[in-house]
There are 2 protein chains.
Amino acid sequence: MPVDRKDTRWNGWGWTKAHNPVEGREAAWAWIANALGVAELPLTPAMKLEDVKLRPSRLSTPAREALVAGVGGDAVLESAFERAAHARGKSYHDLLHLRAGKLDDAPDAVVYPSSADETVRILQWAEEFKIAVIPFAGGSSVVGGVTGSAGAFGASIALDLTEMNKLISVDAESMTATAEAGIYGVDLEAALGAQGFKLGHHPQSFEFSTLGGWIAARGAGQQSNGYGRAEKWFAGGEVATSKGVWRLPALPASAAGPDLRALVAGSEGAFGVITQATFRIHALPAAQDYAAFLFPDFASGANAIRQVVQAEIPIASMRLSDADETYFFQAFGKVGQEPTWKDGLQARFLSLMGLGEKPCALIMGLEGNTAKVAFARKAARSIIRVNRGVSVGRGPAQRWYQGRFHGPYLRDPLMDRGVGIDTLETATTWSNVENLRDTVRTAIDKAIRASAPTNGAQGVVMAHISHSYPDGASLYFTFLFPRDVANDIAQWRTIKTAASEAIVRAGGTISHHHGVGEDHVGWLEAEKGAIGMGLLRAVKRELDPAGVLNPGKLVP
Amino acid sequence: MPVDRKDTRWNGWGWTKAHNPVEGREAAWAWIANALGVAELPLTPAMKLEDVKLRPSRLSTPAREALVAGVGGDAVLESAFERAAHARGKSYHDLLHLRAGKLDDAPDAVVYPSSADETVRILQWAEEFKIAVIPFAGGSSVVGGVTGSAGAFGASIALDLTEMNKLISVDAESMTATAEAGIYGVDLEAALGAQGFKLGHHPQSFEFSTLGGWIAARGAGQQSNGYGRAEKWFAGGEVATSKGVWRLPALPASAAGPDLRALVAGSEGAFGVITQATFRIHALPAAQDYAAFLFPDFASGANAIRQVVQAEIPIASMRLSDADETYFFQAFGKVGQEPTWKDGLQARFLSLMGLGEKPCALIMGLEGNTAKVAFARKAARSIIRVNRGVSVGRGPAQRWYQGRFHGPYLRDPLMDRGVGIDTLETATTWSNVENLRDTVRTAIDKAIRASAPTNGAQGVVMAHISHSYPDGASLYFTFLFPRDVANDIAQWRTIKTAASEAIVRAGGTISHHHGVGEDHVGWLEAEKGAIGMGLLRAVKRELDPAGVLNPGKLVP
């Protein structure tokens with residue numbers, strides 16, 4: 001269904017009326033408390049919006065009048081709900097602020113442009129009145145990418161692109177389509193699907209994120225092996241700047257100097273506002289096959305993925321959970337259920353298959369025409385077998401597939417009960433994957449213990465590979481920890497800092513698909529180098545000379 | 001064999017001792033004269049180097065002394081041969097200059113650095129003494145990318161990277177390798193092949209071009225479907241600038257802001273000097289299958305390529321010649337031979353198969369492991385059949401494969417006999433391929449007629465698709481024309497301008513894999529836009545504030 005922000009949580013994930021996955025499962029709380037080494041889980045509810053005191057708008061009367069004259073009064077919203085809903089993104093760090101009613105970074109108004117030209121005029125207005133502009137659409141950033149801070153300016157507006165949400169055209173011969181950048185994932189795929197096509201970009205935020213956001217954050221969908229990361233399917237488009245609309249032609253390939261599309265992908269609203277994109281599409285897949293496997297250890301599973309990808313077998317995705325993640329979600333799902341004969345059988349099966357007690361689960365997705373899927377199935381399963389992977393059928397994979405966008409709904413109820421949960425991700429070459437995983441896990445584990453509110457408290461740290469390439473793979477970490485409620489922001493920063501330093505030390509990228517935002521800015525230079533940072537600043541100066549665009553993010 | 005520039009032609013293509021493909025084939029000249037609508041082909045030999053008067057070096061004594069003090073006397077060469085061999089690249093336009101002894105653009109010295117740090121020091125020296133630096137390695141540019149002009153500076157040096165030519169390391173697990181940028185294609189593949197790997201980048205210039213040049217020009221090898229264009233396999237590296245060495249980490253994927261590698265690929269020596277690169281490698285293919293097919297028309301062949309690529313069938317290459325190109329090379333090969341019973345059979349075969357009298361030849365290359373090649377063969381051949389393609393066996397394909405680097409050797413003897421021959425290339429989306437081909441062919445044909453030295457003279461204009469993508473394809477034009485010997489540079493410019501304007505008008509890129517150089521600079525803004533050009537200039541200012549690097553190219 002189309003996203004109306006009114007139906008979504010301003011201070012949490014997704015639909016207001018979404019099912020609470022821990023509802024009524026009291027045994028689950030005891031199990032989590034035990035896993036975290038704490039005696040009990042306190043009630044830590046979020047503040048209600050009506051109890052939050054919002055700072056009055058800092059927009060001057062001349063500025064507001066000029067804005068309204070330019071875009072019309074209907075396009076400028078200043079309600080508490082609008083400002084609160086655009087104050088921050090959806091990171092754990094954001095939620096700590098939102099749930100505590102800390103809305104210092106709420107924008108002074110929310111503006112909904114309806115065209116690229118109108119966006120240009122808004123940016124010119126912002127330069128004239130010295131007002132920060134935070135490009136915003138789904139607002140699902142988990143790296144502080146849309147915090148509404150005014151930076152050095154006197155006021156800020158959120159520029160909400162979600163009214164620019166049309167599929168403009170499909171070129172069925174060239175297999176490309178063009179759409180306005182503010183279209184949500186669900187709407188985009190519905191419009192494409194009606195014509196027999198798909199883009200295939202399905203990040204976990206799919207329901208609440210947009211085409212332009214995917215490009216701006218240089219994101220990757222869960223089936224990135226099959227459909228490509230944002231920078232792979234992004235073929236061209238329009239970017240509004242205060243100098244006018246920058247048009248990038250949708251060429252299949254070119255040697256006409258550097259590919260400037262690369263300065264749009266990952267620009268995070270700091271260089272310009274993506275208003276339209278042309279992207280590469282696929283036929284709706286005739287065949288789809290998701291199946292699950294267990295490996296005796298992480299290295300065997302990782303080797304299977306590596307060999308499949310290096311053999312260029314056309315998979316849609318391969319997702320390998322480490323032993324802790326495999327165990328956690330299975331055990332958590334079973335909490336409160338009486339053991340059955342199935343559990344005994346399962347233990348015997350694991351032992352018979354030589355999988356040990358803590359196997360690693362792999363889910364492989366295949367999509368495409370029938371011949372391609374059949375070829376990939378046979379070739380990939382052969383590699384899986386060689387690496388001691390054992391099929392456990394399609395059931396677990398289908399359950400993962402059906403719930404693949406629901407994970408974030410667990411966070412709000414956990415935060416209501418004194419449990420912190422965060423994720424972060426990185427990538428490295430295959431020869432460094434194990435080192436990076438160990439280094440980061442150890443750092444997170446240590447930082448959680450060091451920053452825990454009570455003695456003996458600990459975290460649960462899990463990892464998986466979800467995106468793979470011939471030369472390397474991503475690593476995605478999920479970790480739970482007991483909140484130090486009185487110091488929760490400092491606690492988060494301690495853990496985040498330890499993890500980020502570990503990533504840099506171990507040679508990973510500071511982000512594989514979440515982006516830089518505010519949260520990773522401090523570690524960007526370690527990756528880009530002083531010369532690289534100088535280039536990013538030069539690009540910023542050229543496209544946003546007044547620096548009004550998304551201050552504090554990417555290139556502060 | 002390793003390239004020693006002394007064994008290569010300073011004013012022509014390739015090895016000095018290479019076989020002349022037209023040697024002794026007098027009938028061929030008559031056939032060409034007839035094709036070009038001229039009565040005879042004059043003798044137009046090139047000047048010998050000993051007859052050319054080279055301008056004395058413009059390097060001041062303090063500049064030369066500082067240079068020699070920094071890099072050592074052995075690294076600074078000033079002989080006439082070195083300066084002439086570094087005066088220009090290998091375009092038709094370049095050869096017009098070189099063959100006429102017009103060496104105004106010869107650099108004042110040729111410097112061979114041995115490390116990135118030394119290159120940094122040379123760039124700092126150039127800034128201090130206000131001397132232009134032209135990065136040079138294979139020198140095979142066909143777009144004026146290495147012209148040694150000093151621009152606004154008082155002198156110029158060619159910076160020859162070919163002493164930096166070591167394979168540094170191979171990461172067999174991550175399937176990447178790292179090498180110094182000045183390594184020639186043959187040497188690189190030999191070193192990789194000894195360990196069981198290949199890069200697979202084989203442009204027509206393969207024997208005389210280098211790793212760094214391929215990246216700088218954003219090139220594509222003949223098997224780009226299988227092994228990727230330069231920007232696809234370029235994973236990271238080192239770029240020397242006057243500010244120091246810019247190191248780009250070799251990450252498989254990242255969302256840590258824009259991918260700055262995209263500013264290196266296509267930088268054409270105007271932003272910095274690529275001194276080292278990490279790139280993605282492949283296992284030596286267990287299977288290789290090159291086969292030829294004929295189609296009744298170009299559109300049917302193009303449809304077959306499009307459908308194969310859009311179905312993601314893993315081919316190494318598909319190359320479709322239009323009817324004129326198919327006819328020309330076959331007929332030219334047979335000139336002077338008596339017709340045999342085979343020719344009669346061939347005509348009957350074409351007619352029986354419904355191919356008409358002027359079919360279009362397609363060569364499909366498959367490379368990889370046995371299962372992949374078998375899958376691709378079956379899937380691709382089925383699509384070829386549906387599009388009325390008829391197999392003509394592996395013979396013609398193998399002949400093409402064996403001669404795939406020899407084409408340029410035809411140019412020198414043609415130029416010796418008053419025949420001009422040039423190539424240019426572009427790319428567009430599939431739905432625009434036919435329009436682009438028609439527009440450019442018509443423009444070239446018309447310009448050749450208009451600029452011909454005699455009434456009734458005409459050109460031979462041929463085209464092929466050699467690189468394809470899900471969303472589009474390249475178009476490569478080869479054209480022969482009677483030289484207007486007294487005005488040959490103006491004649492070339494007339495034809496080049498007409499073709500470039502046609503490309504822009506029809507929505508193609510000004511270059512698919514040759515680059516921008518000096519020759520395409522005038523049409524770059526039509527593609528990049530004013531904002532895009534501003535960005536390129538901003539990057540140039542940031543990395544090369546004095547503007548000493550490769551003046552006149554890419555961003556003049």
# chains A, B, ... in the order shown; residues from 1 in each chain; ligands from 1

$ closest_atom_pairs --of "region 416-440 of chain A" --to "region 299-311 of chain A" --cutoff "10 Å" --atoms "only C-alpha atoms" --output "CSV"
residue,atom,partner,partner_atom,distance
A:Trp430,CA,A:Arg306,CA,7.4
A:Val433,CA,A:Ala302,CA,8.7
A:Glu434,CA,A:Ala299,CA,7.6

$ residues_around --residues "Arg261 (chain A)" --least-positions-apart "4" --cutoff "7 Å" --atoms "only C-alpha atoms" --output "MDAnalysis selection string"
chainID A and resid 236 248 265

$ residues_around --residues "His514 (chain A)" --least-positions-apart "6" --cutoff "9 Å" --atoms "only C-alpha atoms" --output "list in words"
Ser141, Val142, Val143, Ala217, Arg218, Gly219, Ala220, Leu424 and Glu425 of chain A; Ala255 and Ala256 of chain B

$ write_last_selection --atoms "N, CA and C atoms" --output "compact mmCIF listing (two decimals), in the first residue's frame"
# COMPACT_ATOMS: atom_id res chain seq x y z
N SER A 141 17.46 6.20 6.65
CA SER A 141 18.91 6.12 6.91
C SER A 141 19.20 5.55 8.29
N VAL A 142 20.18 4.66 8.37
CA VAL A 142 20.61 4.16 9.68
C VAL A 142 22.03 4.62 10.02
N VAL A 143 22.47 5.70 9.36
CA VAL A 143 23.81 6.22 9.65
C VAL A 143 23.79 7.72 9.91
N ALA A 217 22.47 6.84 -1.24
CA ALA A 217 23.20 6.11 -0.20
C ALA A 217 24.10 5.03 -0.78
N ARG A 218 24.07 4.87 -2.12
CA ARG A 218 24.85 3.81 -2.78
C ARG A 218 24.52 2.45 -2.17
N GLY A 219 23.21 2.21 -2.06
CA GLY A 219 22.74 1.01 -1.36
C GLY A 219 22.83 -0.25 -2.18
N ALA A 220 22.46 -1.34 -1.54
CA ALA A 220 22.43 -2.65 -2.20
C ALA A 220 21.21 -3.40 -1.68
N LEU A 424 25.65 -2.94 11.86
CA LEU A 424 26.59 -2.19 11.04
C LEU A 424 27.20 -3.15 10.05
N GLU A 425 27.79 -2.60 9.03
CA GLU A 425 28.23 -3.49 7.96
C GLU A 425 29.47 -2.94 7.29
N ALA B 255 29.88 1.66 0.29
CA ALA B 255 28.95 2.78 0.24
C ALA B 255 29.53 3.95 1.02
N ALA B 256 30.84 3.97 1.14
CA ALA B 256 31.50 5.06 1.86
C ALA B 256 31.66 6.26 0.94

$ select_by_dssp --residues "region 38-112 of chain B" --states "strand (DSSP E or B)" --output "list in words"
Val76, Leu77, Ala109, Val110 and Val111 of chain B

$ atom_distance --atom1 "CA of Gly196 (chain B)" --atom2 "CA of Gln402 (chain B)"
21.7 Å

$ residues_around --residues "Ser209 (chain A)" --least-positions-apart "6" --cutoff "9 Å" --atoms "only C-alpha atoms" --output "list in words"
Ala137, Gly138, Gly139, Ser140, Ser141, Gly182, Ile183, Tyr184, Gly185, Val186 and Pro203 of chain A

$ write_last_selection --atoms "N, CA and C atoms" --output "PDB file, in the first residue's frame"
ATOM      1  N   ALA A 137      13.499  11.513   1.921  1.00  0.00           N
ATOM      2  CA  ALA A 137      12.387  10.856   1.213  1.00  0.00           C
ATOM      3  C   ALA A 137      11.862   9.773   2.144  1.00  0.00           C
ATOM      4  N   GLY A 138      12.362   8.546   2.015  1.00  0.00           N
ATOM      5  CA  GLY A 138      11.916   7.520   2.955  1.00  0.00           C
ATOM      6  C   GLY A 138      12.367   7.822   4.380  1.00  0.00           C
ATOM      7  N   GLY A 139      13.496   8.506   4.500  1.00  0.00           N
ATOM      8  CA  GLY A 139      14.010   8.824   5.837  1.00  0.00           C
ATOM      9  C   GLY A 139      14.487   7.598   6.596  1.00  0.00           C
ATOM     10  N   SER A 140      14.864   6.540   5.870  1.00  0.00           N
ATOM     11  CA  SER A 140      15.207   5.280   6.551  1.00  0.00           C
ATOM     12  C   SER A 140      16.694   5.137   6.838  1.00  0.00           C
ATOM     13  N   SER A 141      17.462   6.196   6.646  1.00  0.00           N
ATOM     14  CA  SER A 141      18.908   6.115   6.910  1.00  0.00           C
ATOM     15  C   SER A 141      19.195   5.550   8.291  1.00  0.00           C
ATOM     16  N   GLY A 182      11.508  10.243  -5.897  1.00  0.00           N
ATOM     17  CA  GLY A 182      10.852  10.066  -4.603  1.00  0.00           C
ATOM     18  C   GLY A 182       9.878   8.901  -4.545  1.00  0.00           C
ATOM     19  N   ILE A 183       9.893   8.048  -5.550  1.00  0.00           N
ATOM     20  CA  ILE A 183       8.965   6.911  -5.567  1.00  0.00           C
ATOM     21  C   ILE A 183       9.440   5.828  -4.593  1.00  0.00           C
ATOM     22  N   TYR A 184       8.514   5.330  -3.790  1.00  0.00           N
ATOM     23  CA  TYR A 184       8.848   4.266  -2.829  1.00  0.00           C
ATOM     24  C   TYR A 184       9.054   2.940  -3.558  1.00  0.00           C
ATOM     25  N   GLY A 185       9.821   2.062  -2.929  1.00  0.00           N
ATOM     26  CA  GLY A 185      10.138   0.771  -3.519  1.00  0.00           C
ATOM     27  C   GLY A 185       8.907  -0.013  -3.945  1.00  0.00           C
ATOM     28  N   VAL A 186       7.925  -0.109  -3.057  1.00  0.00           N
ATOM     29  CA  VAL A 186       6.736  -0.910  -3.349  1.00  0.00           C
ATOM     30  C   VAL A 186       6.008  -0.353  -4.574  1.00  0.00           C
ATOM     31  N   PRO A 203      16.320  -3.691  -0.462  1.00  0.00           N
ATOM     32  CA  PRO A 203      16.983  -3.625   0.843  1.00  0.00           C
ATOM     33  C   PRO A 203      15.962  -3.942   1.935  1.00  0.00           C
TER      34      PRO A 203
END

$ residues_around --residues "Arg280 (chain B)" --least-positions-apart "3" --cutoff "10 Å" --atoms "only C-alpha atoms" --output "list in words"
Pro470 and Asp471 of chain A; Val170, Asp171, Ser174, Met175, Thr176, Ala177, Thr178, Lys198, Leu199, Gly200, Tyr227, Gly228, Ala230, Lys232, Trp233, Phe234, Ala235, Gly236, Ala250 and Pro252 of chain B

$ write_last_selection --atoms "N, CA and C atoms" --output "PDB file, in the first residue's frame"
ATOM      1  N   PRO A 470      33.143 -11.271  -6.905  1.00  0.00           N
ATOM      2  CA  PRO A 470      34.280 -12.150  -7.188  1.00  0.00           C
ATOM      3  C   PRO A 470      35.476 -11.870  -6.275  1.00  0.00           C
ATOM      4  N   ASP A 471      35.662 -10.627  -5.887  1.00  0.00           N
ATOM      5  CA  ASP A 471      36.854 -10.299  -5.099  1.00  0.00           C
ATOM      6  C   ASP A 471      36.600 -10.127  -3.606  1.00  0.00           C
TER       7      ASP A 471
ATOM      8  N   VAL B 170      49.728 -11.380  -6.494  1.00  0.00           N
ATOM      9  CA  VAL B 170      48.460 -12.004  -6.878  1.00  0.00           C
ATOM     10  C   VAL B 170      47.782 -12.488  -5.602  1.00  0.00           C
ATOM     11  N   ASP B 171      46.509 -12.154  -5.432  1.00  0.00           N
ATOM     12  CA  ASP B 171      45.722 -12.678  -4.318  1.00  0.00           C
ATOM     13  C   ASP B 171      44.762 -13.709  -4.922  1.00  0.00           C
ATOM     14  N   SER B 174      41.160 -13.878  -3.432  1.00  0.00           N
ATOM     15  CA  SER B 174      40.267 -12.772  -3.778  1.00  0.00           C
ATOM     16  C   SER B 174      40.204 -12.550  -5.285  1.00  0.00           C
ATOM     17  N   MET B 175      41.001 -13.279  -6.026  1.00  0.00           N
ATOM     18  CA  MET B 175      41.050 -13.139  -7.496  1.00  0.00           C
ATOM     19  C   MET B 175      41.322 -11.693  -7.900  1.00  0.00           C
ATOM     20  N   THR B 176      42.361 -11.130  -7.301  1.00  0.00           N
ATOM     21  CA  THR B 176      42.843  -9.817  -7.700  1.00  0.00           C
ATOM     22  C   THR B 176      44.362  -9.898  -7.863  1.00  0.00           C
ATOM     23  N   ALA B 177      44.902  -8.989  -8.616  1.00  0.00           N
ATOM     24  CA  ALA B 177      46.348  -8.890  -8.746  1.00  0.00           C
ATOM     25  C   ALA B 177      46.718  -7.420  -8.763  1.00  0.00           C
ATOM     26  N   THR B 178      47.964  -7.152  -8.449  1.00  0.00           N
ATOM     27  CA  THR B 178      48.444  -5.776  -8.416  1.00  0.00           C
ATOM     28  C   THR B 178      49.703  -5.684  -9.264  1.00  0.00           C
ATOM     29  N   LYS B 198      44.257 -14.842 -15.677  1.00  0.00           N
ATOM     30  CA  LYS B 198      44.295 -13.837 -16.732  1.00  0.00           C
ATOM     31  C   LYS B 198      43.434 -12.649 -16.342  1.00  0.00           C
ATOM     32  N   LEU B 199      43.797 -11.490 -16.915  1.00  0.00           N
ATOM     33  CA  LEU B 199      42.955 -10.308 -16.763  1.00  0.00           C
ATOM     34  C   LEU B 199      41.909 -10.309 -17.869  1.00  0.00           C
ATOM     35  N   GLY B 200      42.318 -10.604 -19.083  1.00  0.00           N
ATOM     36  CA  GLY B 200      41.364 -10.721 -20.181  1.00  0.00           C
ATOM     37  C   GLY B 200      41.029  -9.419 -20.880  1.00  0.00           C
ATOM     38  N   TYR B 227      35.079 -10.205 -19.558  1.00  0.00           N
ATOM     39  CA  TYR B 227      36.092  -9.774 -18.591  1.00  0.00           C
ATOM     40  C   TYR B 227      35.902  -8.352 -18.109  1.00  0.00           C
ATOM     41  N   GLY B 228      34.996  -7.632 -18.739  1.00  0.00           N
ATOM     42  CA  GLY B 228      34.676  -6.292 -18.258  1.00  0.00           C
ATOM     43  C   GLY B 228      35.538  -5.201 -18.830  1.00  0.00           C
ATOM     44  N   ALA B 230      37.600  -1.543 -18.491  1.00  0.00           N
ATOM     45  CA  ALA B 230      38.627  -1.160 -17.515  1.00  0.00           C
ATOM     46  C   ALA B 230      38.018  -0.748 -16.179  1.00  0.00           C
ATOM     47  N   LYS B 232      35.474  -1.703 -14.804  1.00  0.00           N
ATOM     48  CA  LYS B 232      34.878  -2.822 -14.077  1.00  0.00           C
ATOM     49  C   LYS B 232      35.961  -3.648 -13.380  1.00  0.00           C
ATOM     50  N   TRP B 233      37.099  -3.865 -14.037  1.00  0.00           N
ATOM     51  CA  TRP B 233      38.128  -4.683 -13.393  1.00  0.00           C
ATOM     52  C   TRP B 233      39.114  -3.859 -12.568  1.00  0.00           C
ATOM     53  N   PHE B 234      39.102  -2.556 -12.724  1.00  0.00           N
ATOM     54  CA  PHE B 234      40.007  -1.691 -11.944  1.00  0.00           C
ATOM     55  C   PHE B 234      39.486  -1.613 -10.504  1.00  0.00           C
ATOM     56  N   ALA B 235      40.240  -2.163  -9.587  1.00  0.00           N
ATOM     57  CA  ALA B 235      39.736  -2.280  -8.212  1.00  0.00           C
ATOM     58  C   ALA B 235      40.356  -1.277  -7.250  1.00  0.00           C
ATOM     59  N   GLY B 236      41.482  -0.730  -7.598  1.00  0.00           N
ATOM     60  CA  GLY B 236      42.152   0.215  -6.703  1.00  0.00           C
ATOM     61  C   GLY B 236      43.545   0.470  -7.219  1.00  0.00           C
ATOM     62  N   ALA B 250      41.557  -1.268  -2.654  1.00  0.00           N
ATOM     63  CA  ALA B 250      40.901  -2.224  -3.556  1.00  0.00           C
ATOM     64  C   ALA B 250      39.792  -2.940  -2.796  1.00  0.00           C
ATOM     65  N   PRO B 252      35.924  -4.650  -2.659  1.00  0.00           N
ATOM     66  CA  PRO B 252      34.992  -5.272  -3.606  1.00  0.00           C
ATOM     67  C   PRO B 252      33.743  -4.420  -3.813  1.00  0.00           C
TER      68      PRO B 252
END

$ decode --residues "region 311-324 of chain B" --atoms "C-alpha atoms" --output "PDB file, in the first residue's frame"
ATOM      1  CA  ALA B 311      19.175 -12.993 -20.846  1.00  0.00           C
ATOM      2  CA  GLU B 312      22.539 -12.700 -19.028  1.00  0.00           C
ATOM      3  CA  ILE B 313      24.051 -15.545 -21.022  1.00  0.00           C
ATOM      4  CA  PRO B 314      27.749 -15.507 -20.085  1.00  0.00           C
ATOM      5  CA  ILE B 315      29.468 -14.792 -23.405  1.00  0.00           C
ATOM      6  CA  ALA B 316      32.984 -13.396 -23.781  1.00  0.00           C
ATOM      7  CA  SER B 317      32.129 -11.359 -26.873  1.00  0.00           C
ATOM      8  CA  MET B 318      29.720 -10.942 -29.767  1.00  0.00           C
ATOM      9  CA  ARG B 319      30.853  -8.953 -32.757  1.00  0.00           C
ATOM     10  CA  LEU B 320      28.440  -8.122 -35.553  1.00  0.00           C
ATOM     11  CA  SER B 321      29.678  -6.545 -38.779  1.00  0.00           C
ATOM     12  CA  ASP B 322      27.226  -4.715 -40.965  1.00  0.00           C
ATOM     13  CA  ALA B 323      26.717  -5.834 -44.541  1.00  0.00           C
ATOM     14  CA  ASP B 324      29.311  -3.428 -45.930  1.00  0.00           C
TER      15      ASP B 324
END
